[in-house]
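Next comes query-v9.txt, with compact mmCIF, C-alpha atoms.
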```txt
# COMPACT_ATOMS: atom_id res chain seq x y z
CA MET L 30 -19.24 -37.65 -23.42
CA VAL L 31 -18.40 -34.04 -24.23
CA GLU L 32 -20.79 -31.15 -23.63
CA VAL L 33 -21.13 -28.62 -26.43
CA ARG L 34 -22.64 -25.27 -25.44
CA LEU L 35 -24.42 -23.38 -28.19
CA PRO L 36 -24.88 -19.59 -28.43
CA THR L 37 -28.37 -18.11 -28.63
CA LEU L 38 -28.21 -17.57 -32.37
CA LEU L 39 -27.43 -21.21 -33.17
CA ARG L 40 -30.09 -22.72 -30.91
CA PRO L 41 -32.89 -22.41 -33.49
CA HIS L 42 -30.78 -24.64 -35.76
CA ALA L 43 -30.51 -27.25 -32.99
CA ASP L 44 -34.15 -27.62 -31.93
CA GLY L 45 -33.66 -24.96 -29.26
CA ALA L 46 -30.97 -26.89 -27.35
CA THR L 47 -28.59 -24.79 -25.19
CA SER L 48 -26.16 -27.66 -24.84
CA VAL L 49 -25.74 -31.02 -26.54
CA GLY L 50 -23.91 -34.14 -25.38
CA VAL L 51 -21.71 -35.57 -28.13
CA GLU L 52 -18.88 -38.04 -28.69
CA GLY L 53 -15.46 -37.29 -30.13
CA SER L 54 -11.80 -37.07 -29.24
CA SER L 55 -10.97 -33.95 -31.27
CA VAL L 56 -12.79 -30.68 -31.97
CA ALA L 57 -13.37 -31.84 -35.57
CA GLU L 58 -14.99 -35.08 -34.36
CA VAL L 59 -17.07 -33.23 -31.78
CA LEU L 60 -18.39 -30.79 -34.39
CA ALA L 61 -19.10 -33.64 -36.82
CA ASP L 62 -21.12 -35.53 -34.20
CA LEU L 63 -22.94 -32.31 -33.24
CA THR L 64 -23.93 -31.73 -36.87
CA ARG L 65 -25.01 -35.36 -37.20
CA ARG L 66 -27.37 -34.92 -34.25
CA HIS L 67 -28.60 -31.52 -35.43
CA PRO L 68 -28.31 -31.35 -39.23
CA GLY L 69 -29.63 -27.75 -39.15
CA LEU L 70 -26.18 -26.70 -37.93
CA GLU L 71 -24.57 -27.84 -41.18
CA GLY L 72 -22.72 -24.89 -42.72
CA GLN L 73 -23.13 -22.74 -39.58
CA ILE L 74 -19.84 -23.42 -37.79
CA LEU L 75 -17.49 -24.49 -40.57
CA ASP L 76 -17.15 -22.68 -43.89
CA PRO L 77 -17.32 -24.58 -47.20
CA ALA L 78 -13.55 -25.16 -47.05
CA GLY L 79 -14.00 -27.02 -43.75
CA THR L 80 -12.27 -24.42 -41.56
CA LEU L 81 -13.86 -22.46 -38.73
CA HIS L 82 -16.26 -19.71 -39.84
CA LYS L 83 -14.50 -16.33 -39.58
CA PHE L 84 -16.90 -15.04 -36.93
CA VAL L 85 -17.01 -18.19 -34.80
CA ASN L 86 -14.79 -18.86 -31.81
CA VAL L 87 -14.63 -22.39 -30.39
CA TYR L 88 -13.26 -23.01 -26.91
CA VAL L 89 -12.26 -26.25 -25.18
CA ASN L 90 -12.99 -25.38 -21.59
CA ASP L 91 -11.57 -21.81 -21.47
CA ASP L 92 -9.08 -22.02 -24.34
CA ASP L 93 -9.73 -20.71 -27.87
CA VAL L 94 -8.84 -23.65 -30.15
CA ARG L 95 -7.37 -21.36 -32.82
CA TYR L 96 -4.38 -20.98 -30.47
CA LEU L 97 -4.21 -24.68 -29.66
CA ASP L 98 -4.38 -27.14 -32.57
CA ALA L 99 -7.51 -25.67 -34.17
CA LEU L 100 -9.86 -28.48 -35.32
CA ASP L 101 -7.25 -31.09 -34.34
CA THR L 102 -7.31 -29.94 -30.70
CA LYS L 103 -7.78 -32.97 -28.44
CA VAL L 104 -10.95 -33.21 -26.41
CA SER L 105 -11.38 -35.53 -23.42
CA GLU L 106 -14.32 -37.02 -21.57
CA GLY L 107 -15.92 -34.31 -19.43
CA ASP L 108 -14.55 -31.36 -21.39
CA VAL L 109 -16.88 -28.51 -22.28
CA VAL L 110 -16.73 -27.15 -25.82
CA SER L 111 -18.25 -23.66 -26.20
CA ILE L 112 -19.16 -22.11 -29.51
CA LEU L 113 -19.44 -18.32 -29.47
CA PRO L 114 -19.85 -15.62 -32.11
CA ALA L 115 -17.03 -13.06 -32.39
CA VAL L 116 -18.04 -9.88 -30.58
CA ALA L 117 -16.25 -6.55 -30.17
CA GLY L 118 -15.37 -4.65 -27.01
CA GLY L 119 -14.00 -1.20 -26.40
CA MET H 13 6.32 16.55 -11.40
CA ARG H 14 4.91 19.55 -13.17
CA TYR H 15 2.78 19.56 -16.32
CA GLU H 16 1.32 22.29 -18.53
CA SER H 17 -1.73 20.30 -19.71
CA VAL H 18 -3.78 17.42 -18.42
CA LEU H 19 -3.12 15.68 -21.74
CA ASP H 20 0.56 15.49 -20.77
CA LEU H 21 -0.50 13.16 -17.95
CA ILE H 22 -1.54 10.45 -20.40
CA GLY H 23 0.67 7.36 -20.29
CA ASP H 24 3.73 6.51 -18.21
CA THR H 25 1.58 4.54 -15.80
CA PRO H 26 3.04 2.58 -12.87
CA LEU H 27 3.74 -1.13 -12.80
CA VAL H 28 3.07 -2.65 -9.39
CA GLY H 29 3.66 -6.12 -8.01
CA ILE H 30 0.60 -8.22 -7.20
CA HIS H 31 2.71 -11.22 -6.21
CA ALA H 32 0.30 -12.10 -3.41
CA LEU H 33 -2.04 -13.40 -6.13
CA SER H 34 0.56 -15.65 -7.76
CA PRO H 35 -0.11 -19.36 -7.34
CA ARG H 36 3.63 -20.11 -7.65
CA PRO H 37 6.34 -18.86 -5.29
CA ASP H 38 8.80 -18.30 -8.14
CA VAL H 39 6.41 -16.58 -10.53
CA ARG H 40 6.00 -12.85 -10.06
CA ILE H 41 3.01 -10.95 -11.40
CA TYR H 42 3.06 -7.22 -12.13
CA ALA H 43 0.04 -5.10 -12.98
CA LYS H 44 0.13 -1.92 -15.05
CA LEU H 45 -2.33 0.55 -13.55
CA GLU H 46 -3.97 2.24 -16.51
CA GLY H 47 -6.62 3.73 -14.26
CA GLN H 48 -3.96 6.33 -13.40
CA ASN H 49 -4.51 8.04 -16.75
CA PRO H 50 -6.35 11.39 -16.41
CA GLY H 51 -9.54 10.13 -18.09
CA GLY H 52 -9.30 7.01 -15.97
CA SER H 53 -8.37 4.33 -18.49
CA SER H 54 -5.87 3.02 -21.03
CA LYS H 55 -8.13 4.44 -23.73
CA ASP H 56 -6.82 7.96 -23.07
CA ARG H 57 -3.70 6.84 -24.93
CA ILE H 58 -5.50 5.87 -28.12
CA ALA H 59 -7.93 8.80 -27.94
CA LEU H 60 -5.06 11.28 -27.95
CA ARG H 61 -3.15 9.40 -30.63
CA MET H 62 -6.15 8.99 -32.95
CA VAL H 63 -7.05 12.69 -32.66
CA GLU H 64 -3.47 13.76 -33.31
CA ALA H 65 -3.21 11.48 -36.36
CA ALA H 66 -6.49 12.82 -37.79
CA GLU H 67 -5.37 16.41 -37.19
CA LYS H 68 -2.10 15.70 -38.93
CA ASP H 69 -3.63 14.18 -42.03
CA GLY H 70 -6.27 16.94 -42.24
CA ARG H 71 -9.31 14.73 -41.57
CA LEU H 72 -10.09 16.62 -38.37
CA ARG H 73 -10.36 20.41 -38.39
CA PRO H 74 -11.24 22.93 -35.66
CA GLY H 75 -14.90 22.81 -34.71
CA ASP H 76 -15.50 19.37 -36.23
CA THR H 77 -17.68 16.76 -34.56
CA ILE H 78 -16.13 13.38 -33.81
CA LEU H 79 -18.34 10.28 -33.88
CA GLU H 80 -17.25 7.04 -32.20
CA PRO H 81 -18.82 3.72 -31.22
CA SER H 82 -17.61 2.82 -27.73
CA SER H 83 -18.81 0.86 -24.73
CA GLY H 84 -17.36 3.62 -22.57
CA ASN H 85 -13.67 4.12 -22.00
CA THR H 86 -12.70 5.15 -25.53
CA GLY H 87 -15.62 7.56 -25.48
CA ILE H 88 -14.50 9.04 -22.15
CA GLY H 89 -10.90 9.38 -23.37
CA LEU H 90 -12.11 11.06 -26.54
CA ALA H 91 -14.40 13.35 -24.53
CA LEU H 92 -11.41 14.55 -22.52
CA VAL H 93 -9.23 15.10 -25.58
CA ALA H 94 -12.08 16.68 -27.58
CA ARG H 95 -12.80 19.13 -24.76
CA MET H 96 -9.17 20.20 -24.60
CA ARG H 97 -8.78 20.47 -28.37
CA GLY H 98 -12.11 22.13 -29.18
CA TYR H 99 -14.05 19.37 -30.90
CA ARG H 100 -17.56 18.18 -30.30
CA LEU H 101 -18.09 14.48 -29.65
CA ARG H 102 -20.94 12.08 -30.22
CA VAL H 103 -20.55 8.58 -28.75
CA VAL H 104 -22.68 5.61 -29.78
CA MET H 105 -22.88 3.30 -26.79
CA PRO H 106 -24.82 0.13 -25.90
CA GLU H 107 -27.68 1.02 -23.57
CA ASN H 108 -26.58 -1.47 -20.88
CA VAL H 109 -23.25 0.06 -19.88
CA SER H 110 -22.81 1.19 -16.27
CA VAL H 111 -24.50 4.47 -15.33
CA GLU H 112 -21.11 5.96 -14.39
CA ARG H 113 -19.83 5.62 -17.96
CA ARG H 114 -22.77 7.65 -19.24
CA GLN H 115 -22.41 10.21 -16.47
CA LEU H 116 -18.74 10.76 -17.25
CA LEU H 117 -19.41 11.23 -20.94
CA GLU H 118 -22.14 13.73 -20.13
CA ILE H 119 -20.07 15.81 -17.71
CA PHE H 120 -17.31 16.05 -20.30
CA GLY H 121 -19.91 17.38 -22.73
CA ALA H 122 -20.28 14.44 -25.11
CA GLU H 123 -23.58 13.66 -26.77
CA VAL H 124 -24.58 10.04 -26.13
CA THR H 125 -26.61 7.98 -28.61
CA LEU H 126 -27.73 4.62 -27.24
CA SER H 127 -27.67 1.41 -29.27
CA PRO H 128 -29.68 -1.76 -28.56
CA PRO H 129 -28.23 -3.54 -25.49
CA GLU H 130 -28.82 -7.02 -26.92
CA GLU H 131 -26.48 -6.27 -29.82
CA GLY H 132 -23.50 -5.28 -27.65
CA SER H 133 -20.61 -3.35 -29.18
CA ASN H 134 -21.36 -4.89 -32.58
CA GLY H 135 -24.68 -3.00 -32.53
CA ALA H 136 -22.95 0.27 -31.53
CA ILE H 137 -20.54 -0.14 -34.44
CA ARG H 138 -23.37 -0.77 -36.89
CA LEU H 139 -25.41 2.21 -35.67
CA ALA H 140 -22.37 4.54 -35.76
CA GLU H 141 -21.62 3.44 -39.31
CA SER H 142 -25.16 4.22 -40.42
CA ILE H 143 -25.11 7.65 -38.68
CA ALA H 144 -21.77 8.42 -40.37
CA ALA H 145 -23.13 7.40 -43.77
CA ASP H 146 -26.02 9.87 -43.36
CA ASP H 147 -23.82 12.77 -42.26
CA PRO H 148 -20.47 12.99 -44.05
CA ALA H 149 -19.46 16.00 -41.90
CA LEU H 150 -18.99 13.71 -38.89
CA VAL H 151 -15.44 12.44 -38.40
CA MET H 152 -15.37 8.81 -37.28
CA LEU H 153 -12.00 7.82 -35.85
CA PHE H 154 -13.11 4.17 -35.54
CA GLN H 155 -10.84 2.63 -32.92
CA TYR H 156 -11.41 -0.88 -34.32
CA GLY H 157 -9.77 -0.07 -37.63
CA ASN H 158 -7.48 2.86 -36.80
CA ALA H 159 -3.75 2.11 -36.92
CA ALA H 160 -3.17 4.88 -34.35
CA ASN H 161 -4.85 2.61 -31.76
CA PRO H 162 -2.23 -0.19 -31.71
CA LEU H 163 0.44 2.42 -32.46
CA ALA H 164 -0.32 4.25 -29.19
CA HIS H 165 0.54 1.01 -27.39
CA TYR H 166 3.48 0.14 -29.63
CA GLU H 167 5.06 3.52 -28.93
CA GLY H 168 3.81 4.02 -25.36
CA THR H 169 2.57 1.09 -23.31
CA GLY H 170 4.99 -1.48 -24.79
CA PRO H 171 8.20 0.53 -24.28
CA GLU H 172 7.07 1.46 -20.74
CA ILE H 173 6.64 -2.22 -19.85
CA TRP H 174 10.01 -3.12 -21.39
CA ARG H 175 11.72 -0.24 -19.54
CA ASP H 176 10.20 -1.20 -16.18
CA CYS H 177 10.28 -4.99 -16.60
CA PRO H 178 12.71 -6.33 -19.23
CA ASP H 179 12.45 -9.76 -17.60
CA VAL H 180 8.81 -10.12 -18.73
CA ASP H 181 8.08 -13.68 -19.93
CA CYS H 182 4.37 -13.36 -20.54
CA PHE H 183 2.04 -10.42 -21.18
CA VAL H 184 -1.69 -10.85 -20.51
CA ALA H 185 -4.36 -8.31 -21.46
CA GLY H 186 -8.03 -8.09 -22.30
CA LEU H 187 -9.15 -8.29 -25.92
CA GLY H 188 -11.65 -5.65 -27.03
CA THR H 189 -10.42 -3.75 -30.06
CA SER H 190 -7.16 -5.74 -29.72
CA GLY H 191 -5.18 -2.46 -29.78
CA THR H 192 -3.38 -3.10 -26.48
CA LEU H 193 -2.41 -6.67 -27.39
CA MET H 194 -1.36 -5.79 -30.94
CA GLY H 195 0.76 -2.77 -29.96
CA VAL H 196 2.34 -4.15 -26.80
CA GLY H 197 2.63 -7.64 -28.32
CA ARG H 198 4.45 -6.47 -31.40
CA TYR H 199 6.83 -4.28 -29.37
CA LEU H 200 7.68 -6.96 -26.81
CA LYS H 201 8.15 -9.70 -29.42
CA GLU H 202 10.54 -7.44 -31.35
CA ARG H 203 12.60 -7.07 -28.17
CA ASN H 204 12.30 -10.71 -27.13
CA PRO H 205 10.56 -13.17 -29.46
CA ALA H 206 10.14 -15.62 -26.55
CA VAL H 207 7.66 -13.36 -24.73
CA ARG H 208 4.22 -14.97 -24.79
CA ILE H 209 1.25 -12.75 -25.61
CA VAL H 210 -2.02 -13.90 -24.09
CA ALA H 211 -5.50 -12.48 -24.69
CA VAL H 212 -8.38 -12.68 -22.22
CA GLU H 213 -11.95 -12.05 -23.30
CA PRO H 214 -15.36 -12.27 -21.67
CA PRO H 215 -17.84 -14.78 -23.13
CA SER H 216 -19.45 -11.84 -24.93
CA GLY H 217 -21.04 -14.01 -27.54
CA GLU H 218 -23.02 -15.62 -24.71
CA LEU H 219 -24.00 -12.28 -23.25
CA VAL H 220 -24.85 -10.56 -26.52
CA GLN H 221 -28.11 -12.26 -27.40
CA GLY H 222 -29.28 -10.04 -30.21
CA LEU H 223 -27.11 -11.23 -33.07
CA ARG H 224 -29.28 -12.78 -35.75
CA SER H 225 -26.62 -14.74 -37.56
CA LEU H 226 -22.92 -15.42 -37.38
CA ASP H 227 -22.48 -12.93 -40.19
CA ASP H 228 -23.34 -10.25 -37.61
CA GLY H 229 -20.08 -11.16 -35.86
CA PHE H 230 -17.19 -8.74 -35.84
CA VAL H 231 -13.42 -9.05 -35.83
CA PRO H 232 -11.61 -5.69 -35.54
CA PRO H 233 -9.59 -4.88 -38.67
CA VAL H 234 -6.57 -3.98 -36.48
CA PHE H 235 -6.52 -7.54 -35.05
CA ASP H 236 -3.73 -9.85 -36.26
CA PRO H 237 -4.31 -13.30 -34.73
CA ALA H 238 -0.72 -14.33 -35.50
CA LEU H 239 0.56 -12.07 -32.71
CA LEU H 240 -1.24 -14.03 -29.99
CA ASP H 241 0.04 -17.22 -28.41
CA ARG H 242 -3.12 -18.00 -26.52
CA LYS H 243 -6.66 -16.73 -25.93
CA LEU H 244 -8.65 -17.48 -22.76
CA ILE H 245 -12.20 -16.82 -21.65
CA ALA H 246 -12.75 -15.10 -18.32
CA ARG H 247 -16.36 -15.47 -17.24
CA PRO H 248 -18.21 -12.86 -15.15
CA ARG H 249 -17.80 -14.93 -11.95
CA GLU H 250 -14.02 -15.22 -12.26
CA SER H 251 -13.75 -11.57 -13.31
CA VAL H 252 -15.65 -10.33 -10.26
CA GLU H 253 -13.84 -12.72 -7.90
CA TRP H 254 -10.41 -11.53 -9.04
CA THR H 255 -11.52 -7.89 -9.00
CA ARG H 256 -12.32 -8.45 -5.30
CA ARG H 257 -9.06 -10.27 -4.60
CA LEU H 258 -7.12 -7.38 -6.19
CA LEU H 259 -8.68 -5.08 -3.63
CA ASP H 260 -8.57 -7.45 -0.66
CA GLU H 261 -5.05 -8.79 -1.11
CA CYS H 262 -3.25 -6.05 -3.03
CA GLY H 263 -5.19 -2.90 -2.17
CA ILE H 264 -5.88 -2.20 -5.84
CA PHE H 265 -9.29 -0.78 -6.70
CA ALA H 266 -9.75 -1.69 -10.37
CA GLY H 267 -12.56 -2.32 -12.84
CA ILE H 268 -14.16 -5.66 -13.68
CA SER H 269 -12.16 -6.20 -16.88
CA SER H 270 -9.05 -5.87 -14.69
CA GLY H 271 -10.27 -8.84 -12.67
CA ALA H 272 -10.56 -10.77 -15.94
CA ALA H 273 -6.99 -9.83 -16.92
CA VAL H 274 -5.66 -10.90 -13.51
CA TYR H 275 -7.51 -14.21 -13.79
CA GLY H 276 -5.70 -14.77 -17.12
CA ALA H 277 -2.35 -13.81 -15.57
CA VAL H 278 -2.89 -16.27 -12.73
CA ARG H 279 -3.85 -19.05 -15.17
CA MET H 280 -0.59 -18.47 -17.06
CA ALA H 281 1.44 -18.28 -13.83
CA GLU H 282 0.05 -21.68 -12.77
CA GLN H 283 1.75 -23.24 -15.78
CA MET H 284 5.17 -21.69 -15.20
CA GLU H 285 7.98 -22.94 -12.96
CA SER H 286 9.39 -19.46 -12.52
CA GLY H 287 9.38 -16.14 -14.29
CA THR H 288 7.48 -12.89 -14.63
CA VAL H 289 3.97 -12.22 -15.89
CA VAL H 290 2.85 -8.67 -16.69
CA THR H 291 -0.81 -7.81 -16.98
CA LEU H 292 -2.62 -4.59 -17.74
CA LEU H 293 -5.51 -3.27 -15.65
CA PRO H 294 -7.50 -1.07 -18.07
CA ASP H 295 -9.29 1.12 -15.54
CA GLY H 296 -10.05 1.84 -11.91
CA GLY H 297 -13.09 0.68 -9.97
CA TRP H 298 -14.92 4.01 -9.82
CA LYS H 299 -17.15 3.39 -12.81
CA TYR H 300 -18.38 0.07 -11.38
CA LEU H 301 -19.45 1.08 -7.87
CA SER H 302 -23.08 0.91 -8.97
CA SER H 303 -22.58 -2.74 -9.96
CA GLY H 304 -22.05 -3.63 -6.31
CA ALA H 305 -18.96 -5.62 -7.37
CA TRP H 306 -17.26 -5.25 -3.98
CA THR H 307 -20.25 -5.04 -1.69
CA ASP H 308 -23.12 -7.23 -2.82
CA ASP H 309 -23.55 -11.00 -2.71
CA LEU H 310 -21.28 -12.61 -5.32
CA ASP H 311 -24.09 -14.50 -7.08
CA VAL H 312 -26.14 -11.31 -7.36
CA VAL H 313 -23.20 -9.34 -8.78
CA VAL H 314 -22.35 -12.10 -11.26
CA GLU H 315 -25.93 -12.20 -12.49
CA ARG H 316 -25.85 -8.40 -12.87
CA ALA H 317 -22.53 -8.61 -14.72
CA THR H 318 -24.14 -10.85 -17.33
CA ARG H 319 -26.54 -8.01 -18.11
CA ILE H 320 -24.19 -5.00 -18.09
CA ASN H 321 -21.53 -4.39 -20.70
CA TYR H 322 -18.32 -4.08 -18.66
CA TRP H 323 -15.82 -4.70 -21.48
```
Before we go any further, please render this structure as structure tokens.
Amino acid sequence: MVEVRLPTLLRPHADGATSVGVEGSSVAEVLADLTRRHPGLEGQILDPAGTLHKFVNVYVNDDDVRYLDALDTKVSEGDVVSILPAVAGG
Amino acid sequence: MRYESVLDLIGDTPLVGIHALSPRPDVRIYAKLEGQNPGGSSKDRIALRMVEAAEKDGRLRPGDTILEPSSGNTGIGLALVARMRGYRLRVVMPENVSVERRQLLEIFGAEVTLSPPEEGSNGAIRLAESIAADDPALVMLFQYGNAANPLAHYEGTGPEIWRDCPDVDCFVAGLGTSGTLMGVGRYLKERNPAVRIVAVEPPSGELVQGLRSLDDGFVPPVFDPALLDRKLIARPRESVEWTRRLLDECGIFAGISSGAAVYGAVRMAEQMESGTVVTLLPDGGWKYLSSGAWTDDLDVVVERATRINYW
């Protein structure tokens, strides 16, 4: 099982859950299973073209998947996938 | 060393070995001490450069008021430059930044407008944009979209690192506006395309609870993701732990985002057989004394760090 952590603003679309246990061996599979369990998340994380929403960052453990293999990034049992909105600093 | 103006002290900061923190005997780690700038952070560089560029293109004229959204350091850098050049400054800042950041802005004479803490820097940007729309006389330099921001690092920070450490294999820095990573990254990759450029960021999206939808997200216009090789999260616990280790093992008193950058540098060093990692410590520890980062129980400080905006 893989743990997916949701940011505050997505929790209302997932029955208030802060984290969800899902199955999958890639980020794409993990997100698909997440959306299957919480259909309210449909369209929130991926854009209509099926790529990551511009203002969403997805991390496998501490690594931003855009700099790994994006949605094809491998995920293993016990990994934590975090979904976070893009936020500025400075 | 003799200077005619405090502004001449900006840049040319020292690079110092923090090899004691390296997990590998053959990987050296150097830290660039940006807290040595006169306003106390790397943001002095971009403040000066953005003001000079606006003066040159006629956007900024004597007596004008500058408006800028900033969680602190850019505001402080601008306050220093504005004071020396005769401008007024209004900074829009999230309410939950450390008290020292506000105090510094106030003693330099800046006017501070607070934005909702739960919206983080995104909220400060939005509020500054609405203030600017209502008062066209205000001059917004807008660090997030101003080419002079990465340029200050392309022409300053990057060449300094290359001059002092041409054997750099990997450069690690915090991601806020992305100016440091874009400017230094572009310069170093032009000199040696094999240099890896690594961003470290706090889990801000976790800490900023007030965004209503993902469309409230923000990616700085100056950010070019193609320049990065990797992006890592440094959580408050790791950031505070490495801020302490910097002091305990290397005698370096630096801010909490410096701890995050060092954590990233150590993570990269772990994966190398040998080589040299350079990281940038954006500011000194002075502005974070009130956070208890070095003195209080770690769990207490970490909990506090999830509520203050230290990036």
Quick one: everything within 8 Å of H:Trp254, counting all atoms listed in the file, minus sequence neighbours fewer than 4 positions away in the same chain. Send it as JSON, numbers by chain.
-> {"H": [250, 258, 271, 272, 274, 275]}
Name the residues in contact with H:Lys55 at a cut-off of 12 Å, using only C-alpha atoms, excluding same-chain residues fewer than 3 positions from it; report them as a count of residues only.
-> 42
Distance table requested - chain L against chain H, cut-off 12 Å, only C-alpha atoms: one row per qualifying residue with the closest atom pair and its distance in Å to one decimal, ordered by chain and rising residue number, as JSON lines.
```
{"residue": "L:Arg34", "atom": "CA", "partner": "H:Glu218", "partner_atom": "CA", "distance": 9.7}
{"residue": "L:Leu35", "atom": "CA", "partner": "H:Glu218", "partner_atom": "CA", "distance": 8.6}
{"residue": "L:Pro36", "atom": "CA", "partner": "H:Glu218", "partner_atom": "CA", "distance": 5.7}
{"residue": "L:Thr37", "atom": "CA", "partner": "H:Gln221", "partner_atom": "CA", "distance": 6.0}
{"residue": "L:Leu38", "atom": "CA", "partner": "H:Arg224", "partner_atom": "CA", "distance": 6.0}
{"residue": "L:Leu39", "atom": "CA", "partner": "H:Ser225", "partner_atom": "CA", "distance": 7.9}
{"residue": "L:Arg40", "atom": "CA", "partner": "H:Ser225", "partner_atom": "CA", "distance": 11.0}
{"residue": "L:Pro41", "atom": "CA", "partner": "H:Arg224", "partner_atom": "CA", "distance": 10.5}
{"residue": "L:His42", "atom": "CA", "partner": "H:Ser225", "partner_atom": "CA", "distance": 10.9}
{"residue": "L:Thr47", "atom": "CA", "partner": "H:Glu218", "partner_atom": "CA", "distance": 10.7}
{"residue": "L:Leu70", "atom": "CA", "partner": "H:Leu226", "partner_atom": "CA", "distance": 11.8}
{"residue": "L:Gly72", "atom": "CA", "partner": "H:Leu226", "partner_atom": "CA", "distance": 10.9}
{"residue": "L:Gln73", "atom": "CA", "partner": "H:Leu226", "partner_atom": "CA", "distance": 7.6}
{"residue": "L:Ile74", "atom": "CA", "partner": "H:Leu226", "partner_atom": "CA", "distance": 8.6}
{"residue": "L:Leu75", "atom": "CA", "partner": "H:Leu226", "partner_atom": "CA", "distance": 11.0}
{"residue": "L:Asp76", "atom": "CA", "partner": "H:Leu226", "partner_atom": "CA", "distance": 11.3}
{"residue": "L:Leu81", "atom": "CA", "partner": "H:Leu226", "partner_atom": "CA", "distance": 11.6}
{"residue": "L:His82", "atom": "CA", "partner": "H:Leu226", "partner_atom": "CA", "distance": 8.3}
{"residue": "L:Lys83", "atom": "CA", "partner": "H:Val231", "partner_atom": "CA", "distance": 8.3}
{"residue": "L:Phe84", "atom": "CA", "partner": "H:Gly229", "partner_atom": "CA", "distance": 5.1}
{"residue": "L:Val85", "atom": "CA", "partner": "H:Leu226", "partner_atom": "CA", "distance": 7.0}
{"residue": "L:Asn86", "atom": "CA", "partner": "H:Gly217", "partner_atom": "CA", "distance": 9.0}
{"residue": "L:Val87", "atom": "CA", "partner": "H:Ile245", "partner_atom": "CA", "distance": 10.6}
{"residue": "L:Tyr88", "atom": "CA", "partner": "H:Ile245", "partner_atom": "CA", "distance": 8.2}
{"residue": "L:Val89", "atom": "CA", "partner": "H:Leu244", "partner_atom": "CA", "distance": 9.8}
{"residue": "L:Asn90", "atom": "CA", "partner": "H:Ile245", "partner_atom": "CA", "distance": 8.6}
{"residue": "L:Asp91", "atom": "CA", "partner": "H:Ile245", "partner_atom": "CA", "distance": 5.0}
{"residue": "L:Asp92", "atom": "CA", "partner": "H:Leu244", "partner_atom": "CA", "distance": 4.8}
{"residue": "L:Asp93", "atom": "CA", "partner": "H:Lys243", "partner_atom": "CA", "distance": 5.4}
{"residue": "L:Val94", "atom": "CA", "partner": "H:Lys243", "partner_atom": "CA", "distance": 8.4}
{"residue": "L:Arg95", "atom": "CA", "partner": "H:Arg242", "partner_atom": "CA", "distance": 8.3}
{"residue": "L:Tyr96", "atom": "CA", "partner": "H:Arg242", "partner_atom": "CA", "distance": 5.1}
{"residue": "L:Leu97", "atom": "CA", "partner": "H:Arg242", "partner_atom": "CA", "distance": 7.5}
{"residue": "L:Asp98", "atom": "CA", "partner": "H:Arg242", "partner_atom": "CA", "distance": 11.0}
{"residue": "L:Ala99", "atom": "CA", "partner": "H:Arg242", "partner_atom": "CA", "distance": 11.7}
{"residue": "L:Ser111", "atom": "CA", "partner": "H:Pro215", "partner_atom": "CA", "distance": 9.4}
{"residue": "L:Ile112", "atom": "CA", "partner": "H:Gly217", "partner_atom": "CA", "distance": 8.5}
{"residue": "L:Leu113", "atom": "CA", "partner": "H:Gly217", "partner_atom": "CA", "distance": 5.0}
{"residue": "L:Pro114", "atom": "CA", "partner": "H:Gly217", "partner_atom": "CA", "distance": 5.0}
{"residue": "L:Ala115", "atom": "CA", "partner": "H:Gly229", "partner_atom": "CA", "distance": 5.0}
{"residue": "L:Val116", "atom": "CA", "partner": "H:Phe230", "partner_atom": "CA", "distance": 5.4}
{"residue": "L:Ala117", "atom": "CA", "partner": "H:Ser133", "partner_atom": "CA", "distance": 5.5}
{"residue": "L:Gly118", "atom": "CA", "partner": "H:Gly188", "partner_atom": "CA", "distance": 3.9}
{"residue": "L:Gly119", "atom": "CA", "partner": "H:Gly188", "partner_atom": "CA", "distance": 5.1}
```
Could you pull the residues within 12 Å of stretch 262-264 of chain H, counting all atoms listed in the file, minus those fewer than 2 positions along the same chain, as an MDAnalysis selection string?
-> chainID H and resid 27:34 41:48 254:260 266:268 270:271 274 293 295:298 306
Write out as a PyMOL selection string the residues lying within 8 Å of H:Asn108, counting all atoms listed in the file and excluding same-chain residues fewer than 5 positions away.
-> chain H and resi 129+319-321
Saved selection, atoms kept: C-alpha atoms, as a PDB file, keeping the file's coordinate frame:
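Saved the output as result_28.pdb:
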```pdb
ATOM      1  CA  PRO H 129     -28.230  -3.540 -25.490  1.00  0.00           C
ATOM      2  CA  ARG H 319     -26.540  -8.010 -18.110  1.00  0.00           C
ATOM      3  CA  ILE H 320     -24.190  -5.000 -18.090  1.00  0.00           C
ATOM      4  CA  ASN H 321     -21.530  -4.390 -20.700  1.00  0.00           C
TER       5      ASN H 321
END
```
Any idea what's packed within 12 Å of L:Gly53, counting only C-alpha atoms, ignoring anything in its chain fewer than 3 positions away? Could you give it as a list in words?
-> Met30, Val31, Glu32, Val33, Gly50, Val56, Ala57, Glu58, Val59, Leu60, Ala61, Asp62, Leu63, Leu100, Asp101, Thr102, Lys103, Val104, Ser105, Glu106, Gly107, Asp108, Val109 and Val110 of chain L
